[in-house]
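Chemist: One structure, as structure tokens, below. Some questions next.
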Amino acid sequence: MATAWKVGSDIDAWCTRCKMSLGHTILAMVGGRPVRVRCNTCHGEHNYRGPAGADPRKGSWEPREVRERREAKPSVTSWEALLAGKDLSRARKYSAKETYAAEEVIQHPSFGIGLVQEVRGDKIQVAFKADVKTLVHGK
Ligand SMILES: [Zn+2]
């Protein structure tokens with residue numbers, strides 16, 4: 001990022017009042033980095049905090065709820081990661097007559113190995129490599 005910031009420039013920053021990343025105007029700079037900004041939306045002045053999702057190695061501040069939402073994103077959890085640490089050799093064969101519990105590894109005749117993610121009454125949500133399927137159990 002080779003953005004040349006200067007006082008008066010527009011910059012994306014976390015607004016402490018609006019509680020979201022918005023366009024701000026730089027009011028003060030220290031060492032080539034903005035330190036004080038004014039929100040273009042609520043016109044509140046506050047210390048500069050990088051936009052949500054900014055590189056944490058730069059020490060920019062990120063609100064907890066944003067970080068949790070990012071970490072909870074299902075797209076970052078691969079099927080392999082879900083099954084890491086699970087004993088696949090103990091996968092139970094899937095049958096609608098059996099009853100399964102969350103976190104259990106099952107072996108389905110067509111979908112293969114899957115991890116039970118959720119139990120909702122007589123239905124289980126199972127993450128297979130190709131797709132997440134809803135299956136019946138305890139019939
Ligand atoms: Zn604001």
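Chain identifiers are assigned as A, B, and so on, following the order in which chains appear in the structure tokens; residues are numbered from 1 within each chain, and ligands are numbered from 1 in order of appearance.
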Counting only C-alpha atoms and all ligand atoms, what are the residues, protein, DNA or RNA alike, that approach ligand 1 to within 8 Å? I want them as an mmCIF file with all heavy atoms, in the first residue's frame.
Modeler:
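Everything below was put into out.cif:
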```
data_model
loop_
_atom_site.group_PDB
_atom_site.id
_atom_site.type_symbol
_atom_site.label_atom_id
_atom_site.label_comp_id
_atom_site.auth_asym_id
_atom_site.auth_seq_id
_atom_site.Cartn_x
_atom_site.Cartn_y
_atom_site.Cartn_z
ATOM 1 N N CYS A 15 -15.010 4.168 12.346
ATOM 2 C CA CYS A 15 -15.605 5.261 13.103
ATOM 3 C C CYS A 15 -16.143 4.723 14.419
ATOM 4 O O CYS A 15 -16.932 3.799 14.443
ATOM 5 C CB CYS A 15 -16.735 5.917 12.322
ATOM 6 S SG CYS A 15 -17.500 7.233 13.304
ATOM 7 N N THR A 16 -15.655 5.315 15.517
ATOM 8 C CA THR A 16 -16.061 4.836 16.843
ATOM 9 C C THR A 16 -17.514 5.175 17.141
ATOM 10 O O THR A 16 -18.119 4.559 17.996
ATOM 11 C CB THR A 16 -15.160 5.470 17.924
ATOM 12 O OG1 THR A 16 -15.085 6.873 17.691
ATOM 13 C CG2 THR A 16 -13.760 4.886 17.858
ATOM 14 N N ARG A 17 -18.078 6.151 16.470
ATOM 15 C CA ARG A 17 -19.483 6.500 16.714
ATOM 16 C C ARG A 17 -20.413 5.711 15.813
ATOM 17 O O ARG A 17 -21.419 5.191 16.236
ATOM 18 C CB ARG A 17 -19.711 7.985 16.454
ATOM 19 C CG ARG A 17 -19.229 8.851 17.589
ATOM 20 C CD ARG A 17 -19.863 10.213 17.464
ATOM 21 N NE ARG A 17 -18.916 11.237 17.885
ATOM 22 C CZ ARG A 17 -19.143 12.540 17.765
ATOM 23 N NH1 ARG A 17 -20.262 12.961 17.208
ATOM 24 N NH2 ARG A 17 -18.261 13.398 18.174
ATOM 25 N N CYS A 18 -20.086 5.679 14.511
ATOM 26 C CA CYS A 18 -20.943 4.972 13.556
ATOM 27 C C CYS A 18 -20.779 3.463 13.684
ATOM 28 O O CYS A 18 -21.602 2.711 13.200
ATOM 29 C CB CYS A 18 -20.628 5.379 12.123
ATOM 30 S SG CYS A 18 -20.740 7.144 11.824
ATOM 31 N N LYS A 19 -19.703 3.037 14.331
ATOM 32 C CA LYS A 19 -19.409 1.611 14.508
ATOM 33 C C LYS A 19 -19.298 0.881 13.176
ATOM 34 O O LYS A 19 -19.814 -0.219 12.991
ATOM 35 C CB LYS A 19 -20.479 0.939 15.383
ATOM 36 C CG LYS A 19 -20.625 1.575 16.744
ATOM 37 C CD LYS A 19 -19.758 0.862 17.779
ATOM 38 C CE LYS A 19 -20.046 1.382 19.184
ATOM 39 N NZ LYS A 19 -19.129 2.454 19.565
ATOM 40 N N MET A 20 -18.703 1.540 12.205
ATOM 41 C CA MET A 20 -18.412 0.866 10.947
ATOM 42 C C MET A 20 -17.267 1.588 10.235
ATOM 43 O O MET A 20 -16.897 2.691 10.615
ATOM 44 C CB MET A 20 -19.658 0.794 10.053
ATOM 45 C CG MET A 20 -20.291 2.134 9.757
ATOM 46 S SD MET A 20 -21.991 1.957 9.140
ATOM 47 C CE MET A 20 -21.661 1.148 7.583
ATOM 48 N N LEU A 22 -15.770 3.749 7.535
ATOM 49 C CA LEU A 22 -16.344 4.782 6.679
ATOM 50 C C LEU A 22 -15.237 5.682 6.164
ATOM 51 O O LEU A 22 -14.115 5.660 6.674
ATOM 52 C CB LEU A 22 -17.325 5.635 7.495
ATOM 53 C CG LEU A 22 -18.611 4.930 7.934
ATOM 54 C CD1 LEU A 22 -19.295 5.721 9.023
ATOM 55 C CD2 LEU A 22 -19.539 4.731 6.754
ATOM 56 N N ARG A 38 -11.530 12.825 10.853
ATOM 57 C CA ARG A 38 -12.920 13.231 11.070
ATOM 58 C C ARG A 38 -13.803 12.376 10.168
ATOM 59 O O ARG A 38 -13.539 12.232 8.972
ATOM 60 C CB ARG A 38 -13.126 14.704 10.747
ATOM 61 C CG ARG A 38 -14.570 15.153 11.073
ATOM 62 C CD ARG A 38 -14.962 16.433 10.370
ATOM 63 N NE ARG A 38 -14.155 17.559 10.801
ATOM 64 C CZ ARG A 38 -13.510 18.363 9.950
ATOM 65 N NH1 ARG A 38 -13.552 18.151 8.658
ATOM 66 N NH2 ARG A 38 -12.806 19.369 10.399
ATOM 67 N N CYS A 39 -14.839 11.812 10.770
ATOM 68 C CA CYS A 39 -15.767 10.951 10.033
ATOM 69 C C CYS A 39 -16.579 11.795 9.057
ATOM 70 O O CYS A 39 -17.154 12.814 9.445
ATOM 71 C CB CYS A 39 -16.691 10.243 11.017
ATOM 72 S SG CYS A 39 -17.951 9.254 10.206
ATOM 73 N N ASN A 40 -16.604 11.368 7.789
ATOM 74 C CA ASN A 40 -17.361 12.112 6.784
ATOM 75 C C ASN A 40 -18.863 11.914 6.957
ATOM 76 O O ASN A 40 -19.655 12.621 6.345
ATOM 77 C CB ASN A 40 -16.959 11.657 5.377
ATOM 78 C CG ASN A 40 -15.517 12.020 5.068
ATOM 79 O OD1 ASN A 40 -14.913 12.860 5.740
ATOM 80 N ND2 ASN A 40 -14.963 11.394 4.049
ATOM 81 N N THR A 41 -19.235 10.935 7.768
ATOM 82 C CA THR A 41 -20.660 10.635 7.942
ATOM 83 C C THR A 41 -21.242 11.345 9.162
ATOM 84 O O THR A 41 -22.228 12.057 9.058
ATOM 85 C CB THR A 41 -20.848 9.110 8.070
ATOM 86 O OG1 THR A 41 -20.278 8.496 6.921
ATOM 87 C CG2 THR A 41 -22.326 8.754 8.167
ATOM 88 N N CYS A 42 -20.601 11.169 10.336
ATOM 89 C CA CYS A 42 -21.158 11.801 11.552
ATOM 90 C C CYS A 42 -20.366 13.042 11.938
ATOM 91 O O CYS A 42 -20.733 13.732 12.874
ATOM 92 C CB CYS A 42 -21.167 10.798 12.707
ATOM 93 S SG CYS A 42 -19.521 10.393 13.332
ATOM 94 N N HIS A 43 -19.275 13.338 11.225
ATOM 95 C CA HIS A 43 -18.422 14.499 11.475
ATOM 96 C C HIS A 43 -17.788 14.475 12.856
ATOM 97 O O HIS A 43 -17.377 15.507 13.377
ATOM 98 C CB HIS A 43 -19.181 15.813 11.231
ATOM 99 C CG HIS A 43 -19.712 15.903 9.828
ATOM 100 N ND1 HIS A 43 -18.904 16.080 8.736
ATOM 101 C CD2 HIS A 43 -20.971 15.747 9.342
ATOM 102 C CE1 HIS A 43 -19.649 16.070 7.648
ATOM 103 N NE2 HIS A 43 -20.901 15.858 7.977
ATOM 104 N N GLY A 44 -17.743 13.292 13.467
ATOM 105 C CA GLY A 44 -17.070 13.160 14.757
ATOM 106 C C GLY A 44 -15.564 13.068 14.529
ATOM 107 O O GLY A 44 -15.116 12.436 13.574
#
```
Chemist: Between atom CA of Lys86 of chain A and atom CA of Glu103 of chain A, measure the distance and give it in Å to one decimal.
Modeler: 8.9 Å
Chemist: Considering only C-alpha atoms, can you say which of A:Thr134, A:Gln117, A:Ser9, A:Thr25 comes closest to Ala101 of chain A?
Modeler: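 Nearest candidate to Ala101 of chain A out of A:Thr134, A:Gln117, A:Ser9, A:Thr25: A:Gln117.
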Chemist: One decimal, Å: what's the distance from atom CA of His24 of chain A over to atom CA of His46 of chain A, could you say?
Modeler: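 Computed distance, atom CA of His24 of chain A to atom CA of His46 of chain A, equals 10.0 Å.
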Chemist: Can you work out which one of A:Ser78, A:Tyr100, A:Lys139, A:Gly85 has the shortest atom-to-atom distance to Ile124 of chain A, counting only C-alpha atoms?
Modeler: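 With only C-alpha atoms as the atom set, the closest residue is A:Tyr100.
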Chemist: As JSON, numbers by chain, list the residues of chain A assigned to strand (DSSP E) by DSSP on the backbone atoms of this structure.
Modeler: {"A": [10, 11, 12, 13, 14, 15, 20, 21, 22, 23, 24, 25, 26, 27, 28, 29, 30, 33, 34, 35, 36, 37, 38, 39, 45, 46, 47, 92, 93, 105, 106, 107, 108, 112, 113, 114, 115, 116, 117, 118, 119, 120, 123, 124, 125, 126, 127, 128, 132, 133, 134, 135, 136]}
Chemist: Taking 4 positions as the minimum chain separation for residues in the same chain, which residues sit within 8 Å of Asn47 of chain A when counting only C-alpha atoms? Answer as an mmCIF file with N, CA, C and O atoms, in the first residue's frame.
Modeler:
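Full text of around_12.cif as output:
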```cif
data_model
loop_
_atom_site.group_PDB
_atom_site.id
_atom_site.type_symbol
_atom_site.label_atom_id
_atom_site.label_comp_id
_atom_site.auth_asym_id
_atom_site.auth_seq_id
_atom_site.Cartn_x
_atom_site.Cartn_y
_atom_site.Cartn_z
ATOM 1 N N VAL A 35 -3.087 10.132 12.363
ATOM 2 C CA VAL A 35 -3.335 9.889 13.782
ATOM 3 C C VAL A 35 -4.698 10.418 14.218
ATOM 4 O O VAL A 35 -5.273 9.943 15.180
ATOM 5 N N ARG A 36 -5.194 11.418 13.480
ATOM 6 C CA ARG A 36 -6.497 11.955 13.869
ATOM 7 C C ARG A 36 -7.320 12.173 12.609
ATOM 8 O O ARG A 36 -6.819 12.686 11.612
ATOM 9 N N VAL A 37 -8.572 11.770 12.677
ATOM 10 C CA VAL A 37 -9.431 11.843 11.490
ATOM 11 C C VAL A 37 -10.816 12.361 11.878
ATOM 12 O O VAL A 37 -11.201 12.329 13.043
#
```
Chemist: In terms of the shortest atom-to-atom distance over only C-alpha atoms, which of A:Arg64, A:Arg90, A:Lys133, A:Arg49 is closest to Glu118 of chain A?
Modeler: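 Looking at the shortest contact to Glu118 of chain A, the residue is A:Lys133.
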Chemist: What are the DSSP alpha helix (DSSP H) residues of chain A, as number ranges by chain?
Modeler: A: 64-72, 79-83
Chemist: Could you state the separation of atom CA of Lys129 of chain A and atom CA of Lys93 of chain A in Å, given to one decimal place?
Modeler: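 Answer for the atom CA of Lys129 of chain A to atom CA of Lys93 of chain A separation: 16.1 Å.
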Chemist: Would you pick out the contacts of Gln107 of chain A at 9 Å or less, using only C-alpha atoms, so that residues sharing its chain but fewer than 4 positions from it are not included, and give the list as a list in words?
Modeler: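 Counting only C-alpha atoms, the residues come to Leu88, Ala91, Arg92, Lys93, Tyr94, Phe111, Gly112, Ile113, Gly114 and Leu115 of chain A.
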Chemist: Could you write out the selected residues, including all heavy atoms, as a PDB file, in the first residue's frame?
Modeler:
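Okay, this is what ended up in part.pdb:
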```pdb
ATOM      1  N   LEU A  88     -10.962 -40.839  11.702  1.00  0.00           N
ATOM      2  CA  LEU A  88     -11.819 -41.234  10.584  1.00  0.00           C
ATOM      3  C   LEU A  88     -12.042 -42.739  10.533  1.00  0.00           C
ATOM      4  O   LEU A  88     -13.007 -43.215   9.962  1.00  0.00           O
ATOM      5  CB  LEU A  88     -11.217 -40.750   9.257  1.00  0.00           C
ATOM      6  CG  LEU A  88     -10.981 -39.239   9.140  1.00  0.00           C
ATOM      7  CD1 LEU A  88     -10.649 -38.861   7.718  1.00  0.00           C
ATOM      8  CD2 LEU A  88     -12.183 -38.431   9.618  1.00  0.00           C
ATOM      9  N   ALA A  91     -15.327 -43.729  11.947  1.00  0.00           N
ATOM     10  CA  ALA A  91     -16.544 -43.174  11.355  1.00  0.00           C
ATOM     11  C   ALA A  91     -17.637 -44.234  11.333  1.00  0.00           C
ATOM     12  O   ALA A  91     -17.414 -45.361  10.895  1.00  0.00           O
ATOM     13  CB  ALA A  91     -16.249 -42.689   9.939  1.00  0.00           C
ATOM     14  N   ARG A  92     -18.818 -43.863  11.822  1.00  0.00           N
ATOM     15  CA  ARG A  92     -19.940 -44.809  11.804  1.00  0.00           C
ATOM     16  C   ARG A  92     -20.602 -44.775  10.439  1.00  0.00           C
ATOM     17  O   ARG A  92     -20.749 -43.719   9.825  1.00  0.00           O
ATOM     18  CB  ARG A  92     -20.946 -44.420  12.876  1.00  0.00           C
ATOM     19  CG  ARG A  92     -20.485 -44.755  14.278  1.00  0.00           C
ATOM     20  CD  ARG A  92     -21.373 -44.068  15.298  1.00  0.00           C
ATOM     21  NE  ARG A  92     -22.751 -44.565  15.226  1.00  0.00           N
ATOM     22  CZ  ARG A  92     -23.805 -43.961  15.806  1.00  0.00           C
ATOM     23  NH1 ARG A  92     -23.613 -42.850  16.473  1.00  0.00           N
ATOM     24  NH2 ARG A  92     -25.009 -44.460  15.702  1.00  0.00           N
ATOM     25  N   LYS A  93     -21.028 -45.945   9.976  1.00  0.00           N
ATOM     26  CA  LYS A  93     -21.768 -46.011   8.720  1.00  0.00           C
ATOM     27  C   LYS A  93     -23.109 -45.314   8.903  1.00  0.00           C
ATOM     28  O   LYS A  93     -23.780 -45.511   9.893  1.00  0.00           O
ATOM     29  CB  LYS A  93     -21.986 -47.479   8.324  1.00  0.00           C
ATOM     30  CG  LYS A  93     -20.737 -48.133   7.778  1.00  0.00           C
ATOM     31  CD  LYS A  93     -21.107 -49.163   6.698  1.00  0.00           C
ATOM     32  CE  LYS A  93     -19.891 -49.543   5.871  1.00  0.00           C
ATOM     33  NZ  LYS A  93     -18.752 -49.998   6.701  1.00  0.00           N
ATOM     34  N   TYR A  94     -23.440 -44.500   7.912  1.00  0.00           N
ATOM     35  CA  TYR A  94     -24.710 -43.783   8.028  1.00  0.00           C
ATOM     36  C   TYR A  94     -25.888 -44.698   7.753  1.00  0.00           C
ATOM     37  O   TYR A  94     -25.899 -45.464   6.786  1.00  0.00           O
ATOM     38  CB  TYR A  94     -24.761 -42.605   7.053  1.00  0.00           C
ATOM     39  CG  TYR A  94     -26.148 -42.006   6.988  1.00  0.00           C
ATOM     40  CD1 TYR A  94     -26.629 -41.250   8.052  1.00  0.00           C
ATOM     41  CD2 TYR A  94     -26.982 -42.240   5.905  1.00  0.00           C
ATOM     42  CE1 TYR A  94     -27.914 -40.729   8.022  1.00  0.00           C
ATOM     43  CE2 TYR A  94     -28.269 -41.728   5.872  1.00  0.00           C
ATOM     44  CZ  TYR A  94     -28.734 -40.972   6.936  1.00  0.00           C
ATOM     45  OH  TYR A  94     -30.004 -40.473   6.903  1.00  0.00           O
ATOM     46  N   PHE A 111     -21.954 -40.053  -0.212  1.00  0.00           N
ATOM     47  CA  PHE A 111     -21.230 -38.785  -0.011  1.00  0.00           C
ATOM     48  C   PHE A 111     -19.860 -38.984   0.631  1.00  0.00           C
ATOM     49  O   PHE A 111     -19.045 -38.075   0.636  1.00  0.00           O
ATOM     50  CB  PHE A 111     -22.063 -37.824   0.843  1.00  0.00           C
ATOM     51  CG  PHE A 111     -23.444 -37.574   0.298  1.00  0.00           C
ATOM     52  CD1 PHE A 111     -24.558 -37.673   1.110  1.00  0.00           C
ATOM     53  CD2 PHE A 111     -23.627 -37.255  -1.040  1.00  0.00           C
ATOM     54  CE1 PHE A 111     -25.826 -37.443   0.614  1.00  0.00           C
ATOM     55  CE2 PHE A 111     -24.896 -37.023  -1.552  1.00  0.00           C
ATOM     56  CZ  PHE A 111     -26.007 -37.125  -0.721  1.00  0.00           C
ATOM     57  N   GLY A 112     -19.630 -40.168   1.217  1.00  0.00           N
ATOM     58  CA  GLY A 112     -18.330 -40.424   1.839  1.00  0.00           C
ATOM     59  C   GLY A 112     -18.310 -39.971   3.297  1.00  0.00           C
ATOM     60  O   GLY A 112     -19.336 -39.950   3.967  1.00  0.00           O
ATOM     61  N   ILE A 113     -17.096 -39.572   3.711  1.00  0.00           N
ATOM     62  CA  ILE A 113     -16.907 -39.170   5.101  1.00  0.00           C
ATOM     63  C   ILE A 113     -17.537 -37.798   5.337  1.00  0.00           C
ATOM     64  O   ILE A 113     -17.399 -36.889   4.523  1.00  0.00           O
ATOM     65  CB  ILE A 113     -15.393 -39.102   5.426  1.00  0.00           C
ATOM     66  CG1 ILE A 113     -14.759 -40.488   5.382  1.00  0.00           C
ATOM     67  CG2 ILE A 113     -15.146 -38.428   6.771  1.00  0.00           C
ATOM     68  CD1 ILE A 113     -15.013 -41.343   6.612  1.00  0.00           C
ATOM     69  N   GLY A 114     -18.240 -37.686   6.456  1.00  0.00           N
ATOM     70  CA  GLY A 114     -18.851 -36.402   6.790  1.00  0.00           C
ATOM     71  C   GLY A 114     -18.818 -36.169   8.283  1.00  0.00           C
ATOM     72  O   GLY A 114     -18.693 -37.103   9.075  1.00  0.00           O
ATOM     73  N   LEU A 115     -18.918 -34.894   8.650  1.00  0.00           N
ATOM     74  CA  LEU A 115     -18.916 -34.523  10.069  1.00  0.00           C
ATOM     75  C   LEU A 115     -20.289 -33.953  10.421  1.00  0.00           C
ATOM     76  O   LEU A 115     -20.761 -33.020   9.773  1.00  0.00           O
ATOM     77  CB  LEU A 115     -17.839 -33.476  10.346  1.00  0.00           C
ATOM     78  CG  LEU A 115     -17.802 -32.965  11.788  1.00  0.00           C
ATOM     79  CD1 LEU A 115     -17.231 -34.022  12.725  1.00  0.00           C
ATOM     80  CD2 LEU A 115     -16.990 -31.695  11.886  1.00  0.00           C
TER      81      LEU A 115
END
```
